[in-house]
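File shown here: input00.csv, holding CSV, C-alpha atoms and all ligand atoms.
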```
chain,number,residue,atom,x,y,z
M,1,MET,CA,44.2,-36.2,5.0
M,2,SER,CA,47.6,-35.7,6.5
M,3,GLU,CA,50.8,-34.9,4.5
M,4,ASN,CA,52.5,-38.2,5.3
M,5,GLU,CA,49.7,-40.1,3.5
M,6,PHE,CA,51.5,-39.1,0.3
M,7,PRO,CA,55.0,-40.5,0.5
M,8,ALA,CA,57.7,-38.1,-0.7
M,9,GLY,CA,60.4,-39.1,-3.2
M,10,ASP,CA,61.7,-38.4,-6.7
M,11,LEU,CA,59.8,-40.9,-8.8
M,12,LEU,CA,58.4,-38.1,-10.9
M,13,LYS,CA,61.3,-35.6,-10.6
M,14,GLY,CA,61.5,-33.6,-13.8
M,15,LYS,CA,58.1,-34.8,-15.0
M,16,ARG,CA,55.3,-32.4,-15.9
M,17,GLY,CA,51.6,-33.2,-16.2
M,18,LEU,CA,48.1,-31.8,-16.4
M,19,ILE,CA,45.4,-32.5,-13.7
M,20,MET,CA,41.9,-32.1,-15.0
M,21,GLY,CA,39.0,-32.5,-12.5
M,22,VAL,CA,39.8,-30.9,-9.2
M,23,ALA,CA,36.6,-29.2,-7.8
M,24,ASN,CA,37.7,-28.9,-4.1
M,25,LYS,CA,39.9,-30.6,-1.5
M,26,ASN,CA,37.7,-33.7,-1.5
M,27,SER,CA,38.1,-34.4,-5.2
M,28,ILE,CA,39.9,-37.6,-6.1
M,29,ALA,CA,42.1,-35.6,-8.5
M,30,TRP,CA,43.3,-33.5,-5.5
M,31,ALA,CA,44.6,-36.6,-3.7
M,32,ILE,CA,46.3,-37.7,-6.8
M,33,ALA,CA,47.8,-34.2,-7.4
M,34,GLN,CA,49.2,-34.1,-3.8
M,35,GLN,CA,50.8,-37.6,-4.3
M,36,LEU,CA,52.4,-36.7,-7.7
M,37,HIS,CA,53.7,-33.4,-6.3
M,38,ALA,CA,55.2,-35.2,-3.3
M,39,GLN,CA,57.2,-37.3,-5.8
M,40,GLY,CA,58.6,-34.3,-7.6
M,41,ALA,CA,56.2,-33.7,-10.4
M,42,GLU,CA,55.4,-30.2,-11.7
M,43,LEU,CA,51.6,-29.8,-12.2
M,44,ALA,CA,49.2,-27.8,-14.3
M,45,PHE,CA,45.5,-27.7,-13.3
M,46,THR,CA,42.1,-27.0,-15.0
M,47,TYR,CA,38.8,-26.3,-13.3
M,48,VAL,CA,35.4,-25.4,-14.7
M,49,GLY,CA,33.7,-22.1,-14.0
M,50,GLU,CA,34.3,-19.1,-11.7
M,51,ALA,CA,32.6,-20.7,-8.7
M,52,LEU,CA,35.1,-23.6,-8.7
M,53,GLU,CA,38.0,-21.3,-9.5
M,54,ARG,CA,37.7,-19.9,-5.9
M,55,ARG,CA,38.4,-23.4,-4.5
M,56,VAL,CA,40.8,-24.7,-7.0
M,57,ARG,CA,43.2,-21.8,-7.5
M,58,PRO,CA,44.4,-21.7,-3.9
M,59,LEU,CA,44.9,-25.5,-3.9
M,60,ALA,CA,46.8,-25.4,-7.2
M,61,GLU,CA,48.9,-22.4,-6.1
M,62,SER,CA,49.8,-24.3,-2.9
M,63,LEU,CA,51.6,-26.8,-5.2
M,64,ASN,CA,53.2,-24.0,-7.2
M,65,ALA,CA,51.3,-24.8,-10.4
M,66,PRO,CA,52.5,-22.6,-13.3
M,67,VAL,CA,49.2,-23.0,-15.3
M,68,ILE,CA,45.7,-22.9,-13.8
M,69,LEU,CA,43.0,-22.6,-16.4
M,70,ASP,CA,39.2,-22.6,-16.8
M,71,CYS,CA,38.5,-25.5,-19.2
M,72,ASP,CA,35.0,-26.9,-20.1
M,73,VAL,CA,35.7,-30.2,-21.8
M,74,THR,CA,32.5,-29.9,-23.9
M,75,ASP,CA,33.9,-26.8,-25.6
M,76,ASP,CA,36.5,-27.3,-28.4
M,77,ALA,CA,37.9,-23.8,-28.1
M,78,SER,CA,38.4,-24.2,-24.4
M,79,MET,CA,40.2,-27.5,-24.9
M,80,ALA,CA,42.4,-26.1,-27.6
M,81,ALA,CA,43.3,-23.1,-25.4
M,82,THR,CA,44.2,-25.4,-22.5
M,83,PHE,CA,46.6,-27.5,-24.5
M,84,LYS,CA,48.1,-24.5,-26.3
M,85,ALA,CA,48.8,-22.9,-22.8
M,86,ILE,CA,50.5,-26.2,-21.8
M,87,GLU,CA,52.6,-26.2,-25.0
M,88,ASP,CA,53.5,-22.5,-24.5
M,89,GLN,CA,54.5,-23.1,-20.8
M,90,TRP,CA,56.4,-26.4,-21.1
M,91,GLY,CA,56.8,-27.3,-24.8
M,92,SER,CA,55.9,-30.9,-23.9
M,93,MET,CA,54.3,-32.9,-21.1
M,94,ASP,CA,54.7,-36.3,-19.5
M,95,PHE,CA,51.4,-37.3,-18.1
M,96,LEU,CA,47.6,-36.5,-18.0
M,97,VAL,CA,45.1,-37.1,-15.2
M,98,HIS,CA,41.5,-37.1,-16.4
M,99,SER,CA,39.1,-37.1,-13.4
M,100,ILE,CA,35.9,-35.7,-14.9
M,101,ALA,CA,32.3,-36.9,-15.1
M,102,PHE,CA,28.8,-35.5,-15.3
M,103,ALA,CA,25.2,-36.6,-15.7
M,104,ASP,CA,22.0,-34.8,-15.0
M,105,LYS,CA,20.8,-35.4,-11.4
M,106,ASP,CA,17.3,-36.5,-12.4
M,107,ALA,CA,18.8,-39.4,-14.4
M,108,LEU,CA,20.8,-40.7,-11.4
M,109,LYS,CA,17.8,-42.1,-9.7
M,110,GLY,CA,15.2,-44.7,-10.3
M,111,SER,CA,14.6,-46.3,-13.6
M,112,PHE,CA,17.5,-46.1,-16.1
M,113,VAL,CA,15.3,-47.0,-19.1
M,114,GLU,CA,12.7,-44.4,-18.2
M,115,ASN,CA,14.9,-41.5,-17.0
M,116,THR,CA,17.5,-41.5,-19.8
M,117,SER,CA,16.5,-39.1,-22.6
M,118,ARG,CA,18.6,-38.6,-25.7
M,119,ASP,CA,19.9,-35.3,-24.3
M,120,VAL,CA,20.8,-36.8,-21.0
M,121,PHE,CA,22.6,-39.7,-22.7
M,122,LYS,CA,24.5,-37.5,-25.0
M,123,ARG,CA,25.6,-35.1,-22.3
M,124,ALA,CA,26.8,-37.9,-20.0
M,125,MET,CA,28.7,-39.6,-22.8
M,126,ASP,CA,30.2,-36.3,-24.0
M,127,VAL,CA,31.5,-35.1,-20.6
M,128,SER,CA,32.3,-38.5,-19.0
M,129,ALA,CA,33.7,-40.5,-21.9
M,130,PHE,CA,34.4,-38.5,-25.1
M,131,SER,CA,36.3,-35.9,-23.1
M,132,PHE,CA,39.0,-38.5,-22.3
M,133,VAL,CA,39.3,-39.4,-26.0
M,134,ASP,CA,39.7,-35.7,-26.9
M,135,ALA,CA,42.1,-34.9,-24.0
M,136,ALA,CA,44.2,-38.0,-24.7
M,137,ASN,CA,44.5,-37.0,-28.4
M,138,ARG,CA,45.6,-33.5,-27.6
M,139,ALA,CA,48.0,-34.5,-24.8
M,140,SER,CA,49.6,-37.2,-27.0
M,141,LYS,CA,50.7,-34.5,-29.4
M,142,LEU,CA,52.7,-33.0,-26.6
M,143,MET,CA,54.4,-36.3,-25.6
M,144,PRO,CA,57.1,-36.8,-28.2
M,145,ALA,CA,59.2,-38.8,-25.8
M,146,GLY,CA,56.3,-41.0,-24.5
M,147,GLY,CA,54.1,-40.6,-21.5
M,148,SER,CA,51.3,-41.9,-19.4
M,149,MET,CA,47.6,-41.1,-18.9
M,150,ILE,CA,44.9,-42.2,-16.5
M,151,THR,CA,41.2,-41.7,-16.1
M,152,LEU,CA,38.8,-42.5,-13.2
M,153,THR,CA,36.0,-45.0,-13.5
M,154,TYR,CA,33.6,-47.0,-11.3
M,155,LEU,CA,32.3,-50.6,-11.0
M,156,GLY,CA,28.8,-49.4,-12.2
M,157,SER,CA,30.3,-49.9,-15.7
M,158,GLU,CA,30.6,-53.7,-15.2
M,159,ARG,CA,27.6,-54.4,-12.9
M,160,VAL,CA,24.3,-52.8,-12.3
M,161,ILE,CA,24.5,-50.4,-9.3
M,162,PRO,CA,21.2,-48.8,-8.2
M,163,ASN,CA,20.8,-45.2,-9.4
M,164,TYR,CA,24.2,-45.1,-11.2
M,165,ASN,CA,22.2,-45.6,-14.4
M,166,VAL,CA,23.5,-43.6,-17.4
M,167,MET,CA,26.8,-42.9,-15.7
M,168,GLY,CA,27.4,-46.7,-15.7
M,169,VAL,CA,26.9,-46.8,-19.4
M,170,ALA,CA,29.2,-43.8,-19.9
M,171,LYS,CA,31.9,-45.5,-17.7
M,172,ALA,CA,31.6,-48.6,-19.8
M,173,ALA,CA,32.4,-46.4,-22.9
M,174,LEU,CA,35.2,-44.7,-21.0
M,175,GLU,CA,36.8,-48.1,-20.2
M,176,ALA,CA,36.5,-49.3,-23.8
M,177,ALA,CA,37.9,-46.0,-25.0
M,178,THR,CA,40.9,-46.5,-22.6
M,179,ARG,CA,41.7,-49.8,-24.4
M,180,TYR,CA,41.4,-48.3,-27.9
M,181,ILE,CA,43.5,-45.2,-26.9
M,182,ALA,CA,46.1,-47.5,-25.4
M,183,ARG,CA,46.3,-49.5,-28.7
M,184,ASP,CA,46.7,-46.3,-30.7
M,185,LEU,CA,49.3,-44.6,-28.5
M,186,GLY,CA,51.3,-47.7,-27.4
M,187,PRO,CA,53.6,-47.4,-30.4
M,188,LYS,CA,54.4,-43.9,-29.3
M,189,GLY,CA,55.5,-45.0,-25.9
M,190,ILE,CA,52.4,-43.7,-24.2
M,191,ARG,CA,50.6,-45.8,-21.6
M,192,VAL,CA,46.8,-45.4,-21.0
M,193,ASN,CA,45.0,-46.9,-18.0
M,194,ALA,CA,41.8,-46.5,-15.9
M,195,ILE,CA,41.5,-46.6,-12.1
M,196,SER,CA,38.2,-48.1,-10.9
M,197,ALA,CA,37.8,-46.5,-7.5
M,198,GLY,CA,35.3,-47.5,-4.9
M,199,ALA,CA,32.8,-45.0,-3.6
M,200,ILE,CA,34.4,-41.9,-2.0
M,201,LYS,CA,32.6,-38.9,-0.5
M,202,THR,CA,33.0,-36.2,-3.1
M,203,LEU,CA,30.8,-33.5,-4.8
M,204,SER,CA,30.1,-36.0,-7.7
M,205,LEU,CA,29.1,-38.8,-5.4
M,206,GLY,CA,26.5,-36.5,-3.8
M,207,GLY,CA,24.7,-36.2,-7.1
M,208,ILE,CA,23.7,-39.8,-7.1
M,209,SER,CA,20.5,-40.7,-5.4
M,210,GLY,CA,21.1,-42.9,-2.3
M,211,ALA,CA,24.9,-42.0,-2.4
M,212,ARG,CA,25.0,-42.8,1.3
M,213,SER,CA,24.2,-46.4,0.7
M,214,LEU,CA,26.9,-46.7,-1.9
M,215,LEU,CA,29.3,-45.8,0.9
M,216,SER,CA,27.7,-48.0,3.7
M,217,GLU,CA,27.0,-51.0,1.5
M,218,GLY,CA,30.4,-50.7,-0.1
M,219,LYS,CA,32.0,-50.9,3.3
M,220,ALA,CA,29.8,-53.8,4.5
M,221,TRP,CA,30.5,-55.9,1.3
M,222,ALA,CA,34.1,-55.1,0.8
M,223,PRO,CA,36.6,-57.8,2.0
M,224,MET,CA,38.5,-55.1,3.7
M,225,ARG,CA,35.4,-53.8,5.5
M,226,GLU,CA,36.4,-50.2,4.8
M,227,ASN,CA,35.6,-47.5,2.3
M,228,THR,CA,38.1,-46.6,-0.4
M,229,ASP,CA,40.8,-44.3,0.8
M,230,PRO,CA,41.7,-41.5,-1.7
M,231,ALA,CA,45.3,-42.0,-0.7
M,232,GLY,CA,45.1,-45.6,-2.1
M,233,VAL,CA,43.8,-44.2,-5.4
M,234,ALA,CA,46.6,-41.6,-5.4
M,235,GLY,CA,49.1,-44.4,-4.9
M,236,ALA,CA,47.8,-46.4,-7.8
M,237,ALA,CA,47.9,-43.2,-9.9
M,238,LEU,CA,51.6,-42.8,-9.0
M,239,TYR,CA,52.3,-46.3,-10.0
M,240,LEU,CA,50.6,-46.0,-13.3
M,241,LEU,CA,52.0,-42.5,-14.1
M,242,SER,CA,55.6,-43.2,-13.2
M,243,ASP,CA,58.1,-45.8,-14.5
M,244,LEU,CA,56.9,-48.2,-11.8
M,245,GLY,CA,54.0,-48.9,-14.1
M,246,LYS,CA,56.1,-49.6,-17.2
M,247,SER,CA,54.6,-52.3,-19.4
M,248,CYS,CA,51.1,-51.7,-18.0
M,249,THR,CA,48.6,-50.3,-20.5
M,250,GLY,CA,45.0,-50.6,-21.4
M,251,GLU,CA,44.2,-51.8,-17.9
M,252,THR,CA,41.2,-51.0,-15.6
M,253,HIS,CA,42.7,-51.3,-12.2
M,254,HIS,CA,40.3,-51.6,-9.2
M,255,VAL,CA,41.1,-49.7,-6.0
M,256,ASP,CA,38.0,-50.4,-3.9
M,257,ALA,CA,39.0,-52.4,-0.8
M,258,GLY,CA,38.0,-55.5,-2.9
M,259,PHE,CA,34.4,-54.6,-3.4
M,260,HIS,CA,34.4,-55.7,-7.0
M,261,ILE,CA,35.3,-59.3,-6.3
M,262,VAL,CA,32.2,-60.0,-4.1
M,263,GLY,CA,29.2,-61.7,-5.6
M,264,MET,CA,27.1,-61.9,-2.5
M,265,PRO,CA,27.3,-60.4,1.0
M,266,GLU,CA,28.3,-62.6,4.0
M,267,GLU,CA,25.4,-63.9,6.1
M,268,PRO,CA,25.3,-61.7,9.2
M,269,ASP,CA,25.6,-64.8,11.6
M,270,ALA,CA,27.9,-67.0,9.4
M,271,GLU,CA,31.0,-68.2,11.1
Y,301,LIG,P1,34.4,-34.2,-8.1
Y,301,LIG,O1,33.1,-33.6,-8.2
Y,301,LIG,O2,35.4,-33.7,-7.1
Y,301,LIG,O3,35.1,-34.2,-9.6
Y,301,LIG,C1,34.4,-34.2,-10.8
Y,301,LIG,C2,35.0,-33.2,-11.7
Y,301,LIG,O4,34.4,-33.2,-13.0
Y,301,LIG,C3,34.8,-31.8,-11.1
Y,301,LIG,O5,36.0,-31.1,-10.9
Y,301,LIG,C4,34.0,-31.1,-12.2
Y,301,LIG,O6,34.3,-29.7,-12.3
Y,301,LIG,C5,34.4,-31.8,-13.4
Y,301,LIG,N1,33.6,-31.6,-14.6
Y,301,LIG,C6,32.2,-31.9,-14.7
Y,301,LIG,N2,31.8,-31.4,-15.9
Y,301,LIG,C7,32.9,-30.8,-16.5
Y,301,LIG,C8,33.1,-30.2,-17.8
Y,301,LIG,N3,32.1,-30.0,-18.6
Y,301,LIG,N4,34.3,-29.7,-18.1
Y,301,LIG,C9,35.3,-29.9,-17.2
Y,301,LIG,N5,35.2,-30.5,-16.0
Y,301,LIG,C10,34.0,-30.9,-15.7
Y,301,LIG,O7,34.2,-35.8,-7.9
Y,301,LIG,P2,35.2,-37.0,-7.9
Y,301,LIG,O8,34.4,-38.1,-7.2
Y,301,LIG,O9,36.5,-36.7,-7.5
Y,301,LIG,O10,35.1,-37.4,-9.4
Y,301,LIG,C11,36.3,-37.6,-10.2
Y,301,LIG,C12,36.2,-38.8,-11.1
Y,301,LIG,O11,36.2,-40.0,-10.3
Y,301,LIG,C13,34.9,-38.9,-11.9
Y,301,LIG,O12,35.2,-39.4,-13.2
Y,301,LIG,C14,34.1,-39.9,-11.1
Y,301,LIG,O13,33.1,-40.5,-11.9
Y,301,LIG,C15,35.2,-40.8,-10.7
Y,301,LIG,N6,34.8,-41.7,-9.6
Y,301,LIG,C16,34.3,-41.2,-8.5
Y,301,LIG,C17,34.0,-42.1,-7.4
Y,301,LIG,C18,33.4,-41.6,-6.1
Y,301,LIG,O14,32.8,-42.4,-5.4
Y,301,LIG,N7,33.6,-40.4,-5.8
Y,301,LIG,C19,34.3,-43.5,-7.6
Y,301,LIG,C20,34.8,-44.0,-8.8
Y,301,LIG,C21,35.1,-43.1,-9.8
```
Could you spell out this file's structure in structure tokens?
Ligand code: NAD
Amino acid sequence: MSENEFPAGDLLKGKRGLIMGVANKNSIAWAIAQQLHAQGAELAFTYVGEALERRVRPLAESLNAPVILDCDVTDDASMAATFKAIEDQWGSMDFLVHSIAFADKDALKGSFVENTSRDVFKRAMDVSAFSFVDAANRASKLMPAGGSMITLTYLGSERVIPNYNVMGVAKAALEAATRYIARDLGPKGIRVNAISAGAIKTLSLGGISGARSLLSEGKAWAPMRENTDPAGVAGAALYLLSDLGKSCTGETHHVDAGFHIVGMPEEPDAE
């Protein structure tokens, strides 16, 4: 991805926000971070675990991040420490990017009904849906002058996608949560939206059985006949997190080369 894929400007000059969910340079959150930085935002980052720190810290430092913290969203103490560090550093914040999901690999293949145990279901919901409720609540306390938040979702919440299974159910909860959080925080001047991205080659995508066909079928079915460009997702994030997105809240915005509008693929020889 080249620099000029992220147009420079000052749409976020003087704004400060937290990016949760960079694992490496292929992460969707990293494309978003680069775009927000190019528009003047100051960014803090969280990662999870020492192994990922080695990848995330240099990336975050390259954008002059003043706060780079280990944060496991399933751990209350870790979440509290993260938002305390943000408060200590900045006093307040303007935006939040939540780009986090997890489900056990064995559940992301085959039969949803047979492969989803109670533990698998609870873990997927905790990491992939509840964590946004929790992060939004904590972030909102640091947004006295209003703000904006986004999360990342996928079409598997609305339609059955092979092997997406429990993650689709968690994403449905995440999108519903986005609407309820938007209702609660709207009176405080805080907008809350979800971006439904098309399939993109990342660490998380690799955990889904048959991930390659999500990319190849996605490309074949999409009206634009291309895979989703992370830069397009980053552009949508910039719109939603800046004043360009004023009056938009509670929305699930698809950025997937149009994949979500198609009900049936074209016949190969149709013309
Ligand atoms: P990624 O693997 O780069 O990012 C997922 C992140 O979740 C990682 O940084 C990981 O460390 C973090 N995470 C997992 N468990 C965590 C925990 N307990 N505490 C804190 N962080 C935790 O992959 P990505 O594709 O960039 O995924 C980002 C978001 O985008 C996810 O919500 C994913 O479902 C969503 N999404 C991805 C695609 C795609 O095709 N890649 C499409 C639509 C939506």
Ligand LIG 301 (chain Y) neighbours within 8 Å using only C-alpha atoms and all ligand atoms, as a count of residues only: 47
Closest atom pairs, stretch 211-231 of chain M residues within 6 Å of stretch 248-266 of chain M, only C-alpha atoms, as a Markdown table:
```
| residue | atom | partner | partner_atom | distance |
| --- | --- | --- | --- | --- |
| M:Trp221 | CA | M:Pro265 | CA | 5.5 |
| M:Ala222 | CA | M:Phe259 | CA | 4.2 |
| M:Pro223 | CA | M:Gly258 | CA | 5.6 |
| M:Met224 | CA | M:Ala257 | CA | 5.3 |
| M:Thr228 | CA | M:Asp256 | CA | 5.2 |
```
Return the single residue from M:Ala81, M:Ala135, M:Ser117, M:Ser148 that is closest to M:Ala237, with distances computed using all atoms listed in the file.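 Nearest to M:Ala237: M:Ser148.
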So which residues touch M:Phe45 within 10 Å, counting only C-alpha atoms, skipping near sequence neighbours fewer than 3 positions away, as a list in words?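 These residues fall inside the cut-off: Gly17, Leu18, Ile19, Met20, Gly21, Val22, Ala29, Trp30, Ala33, Val56, Arg57, Leu59, Ala60, Glu61, Ala65, Pro66, Val67, Ile68, Leu69, Asp70, Cys71, Thr82, Ile86 and Val97 of chain M.
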Under the rule that only C-alpha atoms are counted, which of M:Glu217, M:Glu50, M:Asp184, M:Glu267 is the nearest residue to M:Val133?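 Among the listed residues, the smallest separation from M:Val133 belongs to M:Asp184.
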Identify, on the basis of all atoms listed in the file, every residue whose closest approach to M:Ser111 does not exceed 10 Å; exclude the query and any residue fewer than 5 positions from it along the same chain; express the result as an mmCIF file with C-alpha atoms, in the coordinates of the input.
```cif
data_model
loop_
_atom_site.group_PDB
_atom_site.id
_atom_site.type_symbol
_atom_site.label_atom_id
_atom_site.label_comp_id
_atom_site.auth_asym_id
_atom_site.auth_seq_id
_atom_site.Cartn_x
_atom_site.Cartn_y
_atom_site.Cartn_z
ATOM 1 C CA THR M 116 17.500 -41.500 -19.800
ATOM 2 C CA PRO M 162 21.200 -48.800 -8.200
ATOM 3 C CA ASN M 163 20.800 -45.200 -9.400
ATOM 4 C CA TYR M 164 24.200 -45.100 -11.200
ATOM 5 C CA ASN M 165 22.200 -45.600 -14.400
#
```
Protein/DNA/RNA residues near (44.6, -39.2, -26.1), cut 12 Å, all atoms listed in the file, as a PyMOL selection string: chain M and resi 83+95-98+129-143+146-151+177-186+188+190-193
Please indicate the distance in Å from atom CA of M:Lys13 to atom CA of M:Gly40, rounded to one decimal place.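 Between atom CA of M:Lys13 and atom CA of M:Gly40 the gap works out to 4.2 Å.
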What is the distance, in Å and to one decimal place, between atom CA of M:Val160 and atom CA of M:Asn115?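 The value is 15.4 Å.
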Given all atoms listed in the file as the counted atoms, nearest of M:Gln89, M:Ile32, M:Lys15, M:Ala194 to M:Val233: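 Checking each candidate against M:Val233, we get M:Ile32 as the closest.
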Measure the distance from atom CA of M:Ala44 to atom CA of M:Asp10 in Å and round it to one decimal.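 Distance reported for this atom pair: 18.1 Å.
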Compare M:Ser92, M:Ser78, M:Asn64, M:Ser247 by their minimum atom-to-atom distance to M:Leu43, counting all atoms listed in the file, and give me the closest one. M:Asn64
With all atoms listed in the file as the basis for distance, which of M:Gly9, M:Gly232, M:Pro144, M:Gly110 is at the shortest distance from M:Glu87?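 Of M:Gly9, M:Gly232, M:Pro144, M:Gly110, the one nearest M:Glu87, counting all atoms listed in the file, is M:Pro144.
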Where atoms are absent from stretch 212-226 of chain M, fill them in so it carries N, CA, C and O atoms, then output it as a PDB file, in the frame of the given file.
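Writing the result to part15.pdb gives the following:
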```
ATOM      1  N   ARG M 212      24.577 -42.317   0.034  1.00  0.00           N
ATOM      2  CA  ARG M 212      25.000 -42.800   1.300  1.00  0.00           C
ATOM      3  C   ARG M 212      25.098 -44.321   1.383  1.00  0.00           C
ATOM      4  O   ARG M 212      25.971 -44.903   1.993  1.00  0.00           O
ATOM      5  N   SER M 213      24.158 -44.972   0.683  1.00  0.00           N
ATOM      6  CA  SER M 213      24.200 -46.400   0.700  1.00  0.00           C
ATOM      7  C   SER M 213      25.319 -46.999  -0.159  1.00  0.00           C
ATOM      8  O   SER M 213      25.805 -48.103   0.072  1.00  0.00           O
ATOM      9  N   LEU M 214      25.761 -46.215  -1.159  1.00  0.00           N
ATOM     10  CA  LEU M 214      26.900 -46.700  -1.900  1.00  0.00           C
ATOM     11  C   LEU M 214      28.137 -46.776  -0.975  1.00  0.00           C
ATOM     12  O   LEU M 214      28.964 -47.691  -1.079  1.00  0.00           O
ATOM     13  N   LEU M 215      28.213 -45.827  -0.038  1.00  0.00           N
ATOM     14  CA  LEU M 215      29.300 -45.800   0.900  1.00  0.00           C
ATOM     15  C   LEU M 215      29.096 -46.952   1.992  1.00  0.00           C
ATOM     16  O   LEU M 215      29.984 -47.763   2.242  1.00  0.00           O
ATOM     17  N   SER M 216      27.882 -47.019   2.566  1.00  0.00           N
ATOM     18  CA  SER M 216      27.700 -48.000   3.700  1.00  0.00           C
ATOM     19  C   SER M 216      27.655 -49.417   3.155  1.00  0.00           C
ATOM     20  O   SER M 216      28.270 -50.300   3.763  1.00  0.00           O
ATOM     21  N   GLU M 217      26.991 -49.663   2.014  1.00  0.00           N
ATOM     22  CA  GLU M 217      27.000 -51.000   1.500  1.00  0.00           C
ATOM     23  C   GLU M 217      28.366 -51.397   0.942  1.00  0.00           C
ATOM     24  O   GLU M 217      28.808 -52.536   1.056  1.00  0.00           O
ATOM     25  N   GLY M 218      29.028 -50.411   0.360  1.00  0.00           N
ATOM     26  CA  GLY M 218      30.400 -50.700  -0.100  1.00  0.00           C
ATOM     27  C   GLY M 218      31.285 -51.142   0.985  1.00  0.00           C
ATOM     28  O   GLY M 218      32.050 -52.110   0.836  1.00  0.00           O
ATOM     29  N   LYS M 219      31.157 -50.497   2.130  1.00  0.00           N
ATOM     30  CA  LYS M 219      32.000 -50.900   3.300  1.00  0.00           C
ATOM     31  C   LYS M 219      31.592 -52.234   3.830  1.00  0.00           C
ATOM     32  O   LYS M 219      32.444 -53.050   4.179  1.00  0.00           O
ATOM     33  N   ALA M 220      30.283 -52.498   3.892  1.00  0.00           N
ATOM     34  CA  ALA M 220      29.800 -53.800   4.500  1.00  0.00           C
ATOM     35  C   ALA M 220      30.197 -54.959   3.586  1.00  0.00           C
ATOM     36  O   ALA M 220      30.526 -56.035   4.096  1.00  0.00           O
ATOM     37  N   TRP M 221      30.177 -54.782   2.247  1.00  0.00           N
ATOM     38  CA  TRP M 221      30.500 -55.900   1.300  1.00  0.00           C
ATOM     39  C   TRP M 221      31.962 -56.086   1.096  1.00  0.00           C
ATOM     40  O   TRP M 221      32.410 -57.205   0.809  1.00  0.00           O
ATOM     41  N   ALA M 222      32.726 -55.022   1.161  1.00  0.00           N
ATOM     42  CA  ALA M 222      34.100 -55.100   0.800  1.00  0.00           C
ATOM     43  C   ALA M 222      34.910 -56.047   1.682  1.00  0.00           C
ATOM     44  O   ALA M 222      34.729 -56.001   2.905  1.00  0.00           O
ATOM     45  N   PRO M 223      35.750 -56.911   1.113  1.00  0.00           N
ATOM     46  CA  PRO M 223      36.600 -57.800   2.000  1.00  0.00           C
ATOM     47  C   PRO M 223      37.332 -57.065   3.036  1.00  0.00           C
ATOM     48  O   PRO M 223      37.501 -57.583   4.132  1.00  0.00           O
ATOM     49  N   MET M 224      37.772 -55.847   2.756  1.00  0.00           N
ATOM     50  CA  MET M 224      38.500 -55.100   3.700  1.00  0.00           C
ATOM     51  C   MET M 224      37.666 -54.382   4.766  1.00  0.00           C
ATOM     52  O   MET M 224      38.187 -53.772   5.713  1.00  0.00           O
ATOM     53  N   ARG M 225      36.325 -54.451   4.570  1.00  0.00           N
ATOM     54  CA  ARG M 225      35.400 -53.800   5.500  1.00  0.00           C
ATOM     55  C   ARG M 225      35.723 -52.331   5.735  1.00  0.00           C
ATOM     56  O   ARG M 225      35.692 -51.837   6.861  1.00  0.00           O
ATOM     57  N   GLU M 226      36.091 -51.657   4.662  1.00  0.00           N
ATOM     58  CA  GLU M 226      36.400 -50.200   4.800  1.00  0.00           C
ATOM     59  C   GLU M 226      36.019 -49.541   3.474  1.00  0.00           C
ATOM     60  O   GLU M 226      35.918 -50.196   2.428  1.00  0.00           O
TER      61      GLU M 226
END
```
